Amino acid sequence: VALSSTQVENSLPNRDQLCHPGLGNQPLDTLKTHLLSCLANGVHLNDNWYVQTAGNGAESSGRQPRYELGVPRPLIGSVLNEDGIPQFEITETYAEGTDGSARVEVSVGFTEPTKPQATKAGIPLLSLSPLSQATGGALRGDQVLYYAVTGIDGEGRESAPSFIVRAVIPAGTDTNRVTLRGLSVGSGTASFHVYRGRNPQQMARIAASQAIAATYVDAGESDGFVSPPDENFFHANFYWRLELQGERAAAIATAASVGHSGLNMIANEWRSKTVRIVSGRGMGQERRIENNSETTCILSVAWGTIPDSTSKWVVVEPSWVRGATTATSPAVFEVPNREGATIHVTGRAANANDRECLAELSPITRWRILGANAAQLDSNVAPTPSFSLSSVGDGTIELHSIGFPTLVNTRTISAGTLVTRYWDELQSPSTLVLRQSVDGLTDTIVVSVAGRLSVGQVFQIDGELLTVSVVSVGGDSVQATRGSNNSTIELHNSGAVVYPLDQKTHILPFGRDFFGSPASGSFSYNCHLPGVRVAAADLILTNGRGNSDEAKRSVTGTVDYGLRTLQGGQISLQVEGWLAIQEDATPPFMVESALVMRDVFAVVGEASMLGPIVLVLRQDEDEICTLTIPAGGTISNVVGGFGLTPLRSGARLRLEIESVAQSAESTPGSDLTVTIRL
């Protein structure tokens, strides 16, 4: 058939790009120029360019490919998006991994292509020149549509498709209709199906089981979800990729760039990534990003159709991750459990040799990941935990041995809130004491100094913890809840020291499904609290459903009525040789910073056999403690450091030997060391 230049110009598909063997993906103007050049030079045009075959790549001159295994048609989705374009139907499910972690799987529904069947119905024939009319329908103008027909026998078996015919719908109105003419079917044909598409490879059924007639009128039928029988389809390969930057309007758009003035991108952070137009003008185009500024992505290849203000674009990963291979719908595969992240899913039809159809023609569906949230894992808040505290020295308290009566509702625990209650030993000794004794029943506590306790504050007397509920008008009397944090209610004498407790909050991070794992058995968390005596702690664990009940623990059942964290280290004062009564037995030791003392004791290398050795340790002129090494002994009494005045920054430590005993037959002892453990 001889075509004029005008006919070729008018009959080319109204698409941004065309796929043509040997030409690749080229802009429409380039292909127009190429085809017109062929006509001008008398080169014959092969209108079967869209038929692809495997093997040596030879093309068929007939309706069907030759014996070689061909490439299947692109897949068709099973739902329509807001633009009326078929998309894959995606649903999200959740599964538990072998390690107890939560996994997200997507189920991707598509329409499975059928294969031509052995049927009594012959392949229909029809005219290659359909009639396009500007009235009586609802087809949009200025487009090209392709049609094919299949025959159905009395048992419902479908034949292979007919020749594909091309209908050119001129611009001007959107009330067009297309009439397929010259329909002819075999004697075994009971009805026929009609397929339509915007290119020969992507066609969907628009009419089913039509009564035998010589014509068929397409007045604007909706796109369907069933593709023509495809003898080359064997299976489908599904892939996914992450969307790196969300949807933005193309407020900035040129032939080789796209962007938005409201962005604040890092320069070149998207270099070598891919930008895709997801809606509006130029939809479906993808280009590699050469570089980017704060607002604009510069492309390595110009757009075929320049986006405009109706266009929206995203940045995606340049490569695809294979998800699943299946011959039947749906395809199920795992994706990252990243709540709120968007992925692109594509499915490509493949033949028995795993040769896929064109990726550019395969549908791409965007999906926002919901995530395996707490509703799928925990149905309620976590149970009340149990826990232990211990002092490891060097100013550290350790939380460990977190446990539960049951592991139900513990899978999504992501954080813990630990509140420690303590007395700062740098404030020792406490000047607050009881003015009246306290029995085991009263809740009224009278203290020596007003205004030191406030509502809600926890304070300590001996080994009992109390919580202030009401403060009297004068402030020296309070009503308190006895036995707070599960401490033991005790009797307290008048003059007993009262310790108002400070508190500090610590946040503990946990990974999903941590509790119940082997790692949870050896879990510990160190809280740095130098120089304090911890009396109690509260622990709350938070899962995806909220906060657990507060677990309260008292640790006052020790010799020191709590866990002393101290600071670590020690100070040693040494006297070499025989001992004698001295006011400054050692050079003064200068204290560099405020310190609390764990304990103080003394040892000698050789004992005094006649009498005890009495020592006095002073801070400047103030006495810290008295140490006594008994006659015949080498170690003194040990003085506990809690309640002692802490060592002051800049103070001088002085050691006095107050008493030693010596005779002609005995020695006073020698080689003295006084140790202050911190």
# chains A, B, ... in the order shown; residues from 1 in each chain; ligands from 1
>>> residues_around(residues="stretch 247-257 of chain A", least_positions_apart="6", cutoff="6 Å", atoms="only C-alpha atoms", output="JSON, numbers by chain")
{"A": [297, 298, 299, 302, 303, 306, 309, 311, 312, 313, 314]}
>>> write_last_selection(atoms="C-alpha atoms", output="PDB file, in the first residue's frame")
ATOM      1  CA  CYS A 297      17.028  17.431  39.207  1.00  0.00           C
ATOM      2  CA  ILE A 298      19.112  17.663  36.021  1.00  0.00           C
ATOM      3  CA  LEU A 299      18.547  14.737  33.639  1.00  0.00           C
ATOM      4  CA  ALA A 302      15.908  15.092  27.729  1.00  0.00           C
ATOM      5  CA  TRP A 303      12.216  14.375  28.218  1.00  0.00           C
ATOM      6  CA  ILE A 306       8.166  18.017  28.806  1.00  0.00           C
ATOM      7  CA  SER A 309       2.140  21.928  36.206  1.00  0.00           C
ATOM      8  CA  SER A 311       2.671  16.515  36.220  1.00  0.00           C
ATOM      9  CA  LYS A 312       3.862  14.902  39.435  1.00  0.00           C
ATOM     10  CA  TRP A 313       7.241  13.243  39.834  1.00  0.00           C
ATOM     11  CA  VAL A 314       9.118  11.045  42.279  1.00  0.00           C
TER      12      VAL A 314
END
>>> select_by_dssp(residues="stretch 205-365 of chain A", states="strand (DSSP E or B)", output="ChimeraX atom specification")
/A:205-210,216-218,235-249,252-254,257-259,274-279,286-292,296-299,312-316,321-326,331-335,342-350,356,364-365
>>> atom_distance(atom1="atom CA of A:Asn81", atom2="atom CA of A:Leu145")
20.5 Å
>>> closest_residue(among="A:Thr406, A:Thr135, A:Ser554, A:Ser663", to="A:Arg421", atoms="only C-alpha atoms")
A:Ser554
>>> closest_residue(among="A:Phe88, A:Tyr561, A:Tyr147, A:Phe514", to="A:Gly197", atoms="only C-alpha atoms")
A:Tyr147
>>> residues_around(residues="A:Asn380", least_positions_apart="4", cutoff="12 Å", atoms="only C-alpha atoms", output="list of chain:residue names")
A:Ala374, A:Ala375, A:Gln376, A:Thr384, A:Leu407, A:Val408, A:Asn409, A:Thr410, A:Arg411, A:Thr412, A:Ile413, A:Thr542, A:Asn543, A:Gly544, A:Arg545, A:Gly546, A:Asn547, A:Ser548, A:Asp549
>>> write_last_selection(atoms="C-alpha atoms", output="compact mmCIF listing (two decimals), in the first residue's frame")
# COMPACT_ATOMS: atom_id res chain seq x y z
CA ALA A 374 1.39 -3.49 66.87
CA ALA A 375 -2.19 -4.45 66.01
CA GLN A 376 -0.86 -7.57 64.26
CA THR A 384 3.94 -5.44 84.51
CA LEU A 407 5.49 -13.01 77.14
CA VAL A 408 2.08 -12.17 75.69
CA ASN A 409 2.00 -8.56 74.41
CA THR A 410 5.77 -8.12 74.70
CA ARG A 411 6.68 -8.41 71.00
CA THR A 412 6.52 -4.71 70.12
CA ILE A 413 8.17 -3.34 73.27
CA THR A 542 6.13 0.73 76.21
CA ASN A 543 4.88 -1.40 73.32
CA GLY A 544 2.84 -0.50 70.26
CA ARG A 545 -0.33 -0.37 72.34
CA GLY A 546 0.90 1.91 75.12
CA ASN A 547 2.58 1.84 78.54
CA SER A 548 2.61 -1.07 80.95
CA ASP A 549 1.69 -0.68 84.60
>>> atom_distance(atom1="atom CA of A:Ser666", atom2="atom CA of A:Thr626")
23.9 Å
>>> atom_distance(atom1="atom CA of A:Ala327", atom2="atom CA of A:Glu92")
20.2 Å
>>> residues_around(residues="stretch 586-599 of chain A", least_positions_apart="2", cutoff="8 Å", atoms="only C-alpha atoms", output="number ranges by chain")
A: 425-426, 531, 566-567, 573-575, 584, 601, 638-642, 644-655, 676-678
>>> residues_around(residues="A:Gly340", least_positions_apart="4", cutoff="9 Å", atoms="only C-alpha atoms", output="list in words")
Arg368, Ile369, Leu370 and Gly371 of chain A
>>> closest_residue(among="A:Gly521, A:Pro170, A:Gly643, A:Gly347", to="A:Ile76", atoms="only C-alpha atoms")
A:Gly347
>>> residues_around(residues="stretch 209-215 of chain A", least_positions_apart="4", cutoff="7 Å", atoms="only C-alpha atoms", output="PDB file with N, CA, C and O atoms, in the first residue's frame")
ATOM      1  N   THR A 179     -16.236   1.738  14.176  1.00  0.00           N
ATOM      2  CA  THR A 179     -16.979   0.568  13.707  1.00  0.00           C
ATOM      3  C   THR A 179     -16.014  -0.391  13.024  1.00  0.00           C
ATOM      4  O   THR A 179     -15.316  -0.023  12.066  1.00  0.00           O
ATOM      5  N   LEU A 180     -15.966  -1.631  13.558  1.00  0.00           N
ATOM      6  CA  LEU A 180     -15.197  -2.697  12.920  1.00  0.00           C
ATOM      7  C   LEU A 180     -16.088  -3.329  11.859  1.00  0.00           C
ATOM      8  O   LEU A 180     -17.216  -3.750  12.152  1.00  0.00           O
ATOM      9  N   ARG A 181     -15.548  -3.413  10.644  1.00  0.00           N
ATOM     10  CA  ARG A 181     -16.371  -3.876   9.531  1.00  0.00           C
ATOM     11  C   ARG A 181     -15.813  -5.177   8.953  1.00  0.00           C
ATOM     12  O   ARG A 181     -14.679  -5.561   9.242  1.00  0.00           O
ATOM     13  N   GLY A 182     -16.643  -5.830   8.177  1.00  0.00           N
ATOM     14  CA  GLY A 182     -16.227  -7.024   7.454  1.00  0.00           C
ATOM     15  C   GLY A 182     -15.910  -8.204   8.338  1.00  0.00           C
ATOM     16  O   GLY A 182     -15.056  -9.031   8.010  1.00  0.00           O
ATOM     17  N   LEU A 183     -16.603  -8.303   9.460  1.00  0.00           N
ATOM     18  CA  LEU A 183     -16.378  -9.434  10.353  1.00  0.00           C
ATOM     19  C   LEU A 183     -16.870 -10.721   9.697  1.00  0.00           C
ATOM     20  O   LEU A 183     -17.995 -10.799   9.189  1.00  0.00           O
ATOM     21  N   SER A 184     -16.027 -11.742   9.746  1.00  0.00           N
ATOM     22  CA  SER A 184     -16.378 -13.033   9.159  1.00  0.00           C
ATOM     23  C   SER A 184     -15.829 -14.125  10.059  1.00  0.00           C
ATOM     24  O   SER A 184     -14.650 -14.081  10.450  1.00  0.00           O
ATOM     25  N   SER A 191     -19.890 -17.069  19.072  1.00  0.00           N
ATOM     26  CA  SER A 191     -19.852 -15.650  19.441  1.00  0.00           C
ATOM     27  C   SER A 191     -18.409 -15.176  19.296  1.00  0.00           C
ATOM     28  O   SER A 191     -17.523 -15.946  18.911  1.00  0.00           O
ATOM     29  N   PHE A 192     -18.172 -13.907  19.656  1.00  0.00           N
ATOM     30  CA  PHE A 192     -16.799 -13.407  19.557  1.00  0.00           C
ATOM     31  C   PHE A 192     -16.530 -12.385  20.668  1.00  0.00           C
ATOM     32  O   PHE A 192     -17.449 -11.760  21.201  1.00  0.00           O
ATOM     33  N   HIS A 193     -15.228 -12.258  21.007  1.00  0.00           N
ATOM     34  CA  HIS A 193     -14.754 -11.249  21.953  1.00  0.00           C
ATOM     35  C   HIS A 193     -14.039 -10.154  21.177  1.00  0.00           C
ATOM     36  O   HIS A 193     -13.427 -10.419  20.138  1.00  0.00           O
TER      37      HIS A 193
END
>>> residues_around(residues="A:Ile402", least_positions_apart="5", cutoff="7 Å", atoms="only C-alpha atoms", output="JSON, numbers by chain")
{"A": [385, 386, 387]}
>>> write_last_selection(atoms="all heavy atoms", output="short mmCIF file (atom, residue, chain, number, x, y, z; two decimals), in the first residue's frame")
data_model
loop_
_atom_site.label_atom_id
_atom_site.label_comp_id
_atom_site.auth_asym_id
_atom_site.auth_seq_id
_atom_site.Cartn_x
_atom_site.Cartn_y
_atom_site.Cartn_z
N PRO A 385 6.38 -5.56 84.40
CA PRO A 385 7.65 -6.31 84.45
C PRO A 385 8.18 -6.45 85.87
O PRO A 385 7.76 -5.76 86.80
CB PRO A 385 8.58 -5.42 83.62
CG PRO A 385 8.06 -4.03 83.85
CD PRO A 385 6.56 -4.17 83.98
N SER A 386 9.12 -7.37 86.03
CA SER A 386 9.94 -7.43 87.23
C SER A 386 11.37 -7.11 86.81
O SER A 386 11.73 -7.27 85.65
CB SER A 386 9.88 -8.82 87.87
OG SER A 386 10.34 -9.81 86.97
N PHE A 387 12.19 -6.65 87.75
CA PHE A 387 13.56 -6.27 87.39
C PHE A 387 14.41 -6.24 88.64
O PHE A 387 13.91 -6.29 89.77
CB PHE A 387 13.58 -4.91 86.69
CG PHE A 387 13.15 -3.76 87.55
CD1 PHE A 387 14.08 -2.95 88.20
CD2 PHE A 387 11.80 -3.47 87.73
CE1 PHE A 387 13.68 -1.88 89.00
CE2 PHE A 387 11.39 -2.41 88.52
CZ PHE A 387 12.34 -1.61 89.16
#
>>> closest_residue(among="A:Trp578, A:Tyr94, A:Phe110, A:Trp240", to="A:Asp671", atoms="only C-alpha atoms")
A:Trp578
>>> closest_atom_pairs(of="stretch 349-438 of chain A", to="stretch 450-470 of chain A", cutoff="9 Å", atoms="only C-alpha atoms", output="JSON lines")
{"residue": "A:Arg421", "atom": "CA", "partner": "A:Val458", "partner_atom": "CA", "distance": 7.8}
{"residue": "A:Trp423", "atom": "CA", "partner": "A:Gln460", "partner_atom": "CA", "distance": 8.8}
{"residue": "A:Leu432", "atom": "CA", "partner": "A:Arg452", "partner_atom": "CA", "distance": 8.1}
{"residue": "A:Val433", "atom": "CA", "partner": "A:Ile461", "partner_atom": "CA", "distance": 8.9}
{"residue": "A:Leu434", "atom": "CA", "partner": "A:Ile461", "partner_atom": "CA", "distance": 8.8}
